[in-house]
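> Take this structure first; my questions come after.
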Amino acid sequence: MPAISHSKQKFHDPRMLVEHPVTESRATQRTVMINLSESPLSWLHARGHLSNRQMLAGETLRGDYESAALGPHVTMSWENIPRSRQKRGAPSGLNRTERMMQAKNRFDGAMIALGPDLSDIAWRVICVGESVPAAEREMSWPVRSGKLVLKIALDRLAAFYRIPS
């Protein structure tokens with residue numbers, strides 16, 4: 001029998017991981033690892049199909065969608081449980097419900113700014129995470145038209161969110 005060689009090989013991780021800060025409050029800072037290749041928007045940006053401005057506009061819309069808790073929930077939210085029994089003065093900033101309402105208002109404003117023609121592709125690809133070809137099939141669009149329409153929607157979102165050029 002041939003001898004088995006136990007050489008240490010470097011494992012190449014194909015995922016594009018970045019550390020992203022999660023702001024819960026001013027006092028606590030956490031970070032999470034995000035796989036940039038999971039999102040269709042990130043996939044397009046990583047391959048040079050979207051500008052940084054378009055990517056930021058899409059991520060802002062997705063952030064508002066998630067902050068407004070418009071997507072489906074898998075488990076209970078434990079965010080409103082008090083961390084200690086001591087009173088430490090008046091709460092700073094908005095509470096969770098107010099933050100959700102503001103995010104919902106921003107999301108609704110963005111969808112109105114996009115209009116009925118662009119909001120569907122933006123919602124499907126950015127918020128739900130559907131691939132561009134799948135969104136094209138669902139909307140009965142010609143092949144390769146979704147990316148162009150998505151770029152137009154992202155430019156309009158960047159104008160809505162006042163993202164500088």
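How things are named: the first chain in the structure tokens is A, the next is B, and so on; residues count from 1 in each chain; ligands count from 1 in the order shown.
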Which neighbours of Asp120 of chain A fall inside 10 Å, counting only C-alpha atoms, when residues of the same chain fewer than 4 positions from it are skipped, and could you give them as a list in words?

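Contacts, with the query itself left out: Met111, Leu114, Gly115, Pro116, Arg124, Val125, Ile126, Ala135, Met139, Leu150 and Ala153 of chain A.
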
> Here is a test: counting only C-alpha atoms, which residue of A:Pro40, A:Pro164, A:Gly48, A:Gly146 is nearest to Val128 of chain A?

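Between A:Pro40, A:Pro164, A:Gly48, A:Gly146, the residue approaching Val128 of chain A most closely is A:Pro40.
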
> Looking at A:Glu59, A:Glu130, A:Glu38, A:Asp117, which one is nearest to Ile163 of chain A, with distances taken over only C-alpha atoms?

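Checking each candidate against Ile163 of chain A, we get A:Glu59 as the closest.
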
> List the neighbours of Phe160 of chain A out to 9 Å using only C-alpha atoms; skip same-chain residues closer than 2 positions along the sequence, and give me the result as a ChimeraX atom specification.

/A:57,109-110,113-114,155-158,162-163

> Give me the residues near Glu66 of chain A as a PyMOL selection string, where near means some atom within 12 Å (using only C-alpha atoms) and where sequence neighbours in that chain fewer than 5 positions away do not count.

chain A and resi 59-61+71-73+99-104+106-107+123+126-128

> What's the separation between atom CA of Ala122 of chain A and atom CA of Leu154 of chain A, in Å to one decimal place?

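We find that atom CA of Ala122 of chain A and atom CA of Leu154 of chain A lie 7.7 Å from each other.
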
> For the atom pair atom CA of His45 of chain A and atom CA of Asp108 of chain A, what is the interatomic distance in Å to one decimal place?

24.7 Å

> So what do you get for atom CA of Leu148 of chain A versus atom CA of Val132 of chain A, distance-wise?

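Pair atom CA of Leu148 of chain A / atom CA of Val132 of chain A returns 10.1 Å.
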
> Between A:Ala159, A:Ile112, A:Ala134, A:Val18, which has the minimum distance to Arg53 of chain A (counting only C-alpha atoms)?

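Of A:Ala159, A:Ile112, A:Ala134, A:Val18, the one nearest Arg53 of chain A, counting only C-alpha atoms, is A:Ala159.
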
> Could you write out, as a PDB file with C-alpha atoms, in the first residue's frame, all the residues of segment 109-155 of chain A that DSSP marks as helix (DSSP H, G or I)?


ATOM      1  CA  GLY A 109     -40.903  56.691   0.498  1.00  0.00           C
ATOM      2  CA  ALA A 110     -38.220  54.885  -1.481  1.00  0.00           C
ATOM      3  CA  MET A 111     -40.794  52.571  -3.085  1.00  0.00           C
ATOM      4  CA  ILE A 112     -42.961  55.567  -4.023  1.00  0.00           C
ATOM      5  CA  ALA A 113     -39.899  57.338  -5.476  1.00  0.00           C
ATOM      6  CA  LEU A 114     -39.146  54.254  -7.589  1.00  0.00           C
ATOM      7  CA  GLY A 115     -42.678  53.992  -8.884  1.00  0.00           C
ATOM      8  CA  PRO A 116     -44.489  50.802  -9.863  1.00  0.00           C
ATOM      9  CA  ASP A 117     -42.143  49.963 -12.738  1.00  0.00           C
ATOM     10  CA  LEU A 118     -38.879  49.963 -10.780  1.00  0.00           C
ATOM     11  CA  SER A 119     -40.047  49.040  -7.282  1.00  0.00           C
ATOM     12  CA  ASP A 120     -40.820  45.425  -8.201  1.00  0.00           C
ATOM     13  CA  ILE A 121     -37.308  44.544  -9.396  1.00  0.00           C
ATOM     14  CA  ALA A 122     -35.753  46.506  -6.510  1.00  0.00           C
ATOM     15  CA  TRP A 123     -37.866  44.706  -3.915  1.00  0.00           C
ATOM     16  CA  ARG A 124     -37.241  41.273  -5.417  1.00  0.00           C
ATOM     17  CA  VAL A 125     -33.462  41.572  -5.824  1.00  0.00           C
ATOM     18  CA  ILE A 126     -32.469  43.918  -2.984  1.00  0.00           C
ATOM     19  CA  CYS A 127     -34.906  43.065  -0.193  1.00  0.00           C
ATOM     20  CA  VAL A 128     -35.882  39.455  -0.850  1.00  0.00           C
ATOM     21  CA  VAL A 132     -31.762  38.818 -11.319  1.00  0.00           C
ATOM     22  CA  PRO A 133     -32.505  35.927 -13.746  1.00  0.00           C
ATOM     23  CA  ALA A 134     -35.164  34.558 -11.365  1.00  0.00           C
ATOM     24  CA  ALA A 135     -36.757  38.006 -11.066  1.00  0.00           C
ATOM     25  CA  GLU A 136     -36.764  38.330 -14.868  1.00  0.00           C
ATOM     26  CA  ARG A 137     -38.544  34.985 -15.197  1.00  0.00           C
ATOM     27  CA  GLU A 138     -41.119  35.853 -12.506  1.00  0.00           C
ATOM     28  CA  GLY A 146     -33.262  42.912 -15.314  1.00  0.00           C
ATOM     29  CA  LYS A 147     -29.728  44.130 -14.638  1.00  0.00           C
ATOM     30  CA  LEU A 148     -30.279  47.290 -16.696  1.00  0.00           C
ATOM     31  CA  VAL A 149     -33.603  48.076 -15.015  1.00  0.00           C
ATOM     32  CA  LEU A 150     -32.085  47.329 -11.574  1.00  0.00           C
ATOM     33  CA  LYS A 151     -29.258  49.795 -12.258  1.00  0.00           C
ATOM     34  CA  ILE A 152     -31.818  52.480 -13.148  1.00  0.00           C
ATOM     35  CA  ALA A 153     -33.711  51.708  -9.925  1.00  0.00           C
ATOM     36  CA  LEU A 154     -30.492  51.913  -7.893  1.00  0.00           C
ATOM     37  CA  ASP A 155     -29.640  55.287  -9.424  1.00  0.00           C
TER      38      ASP A 155
END
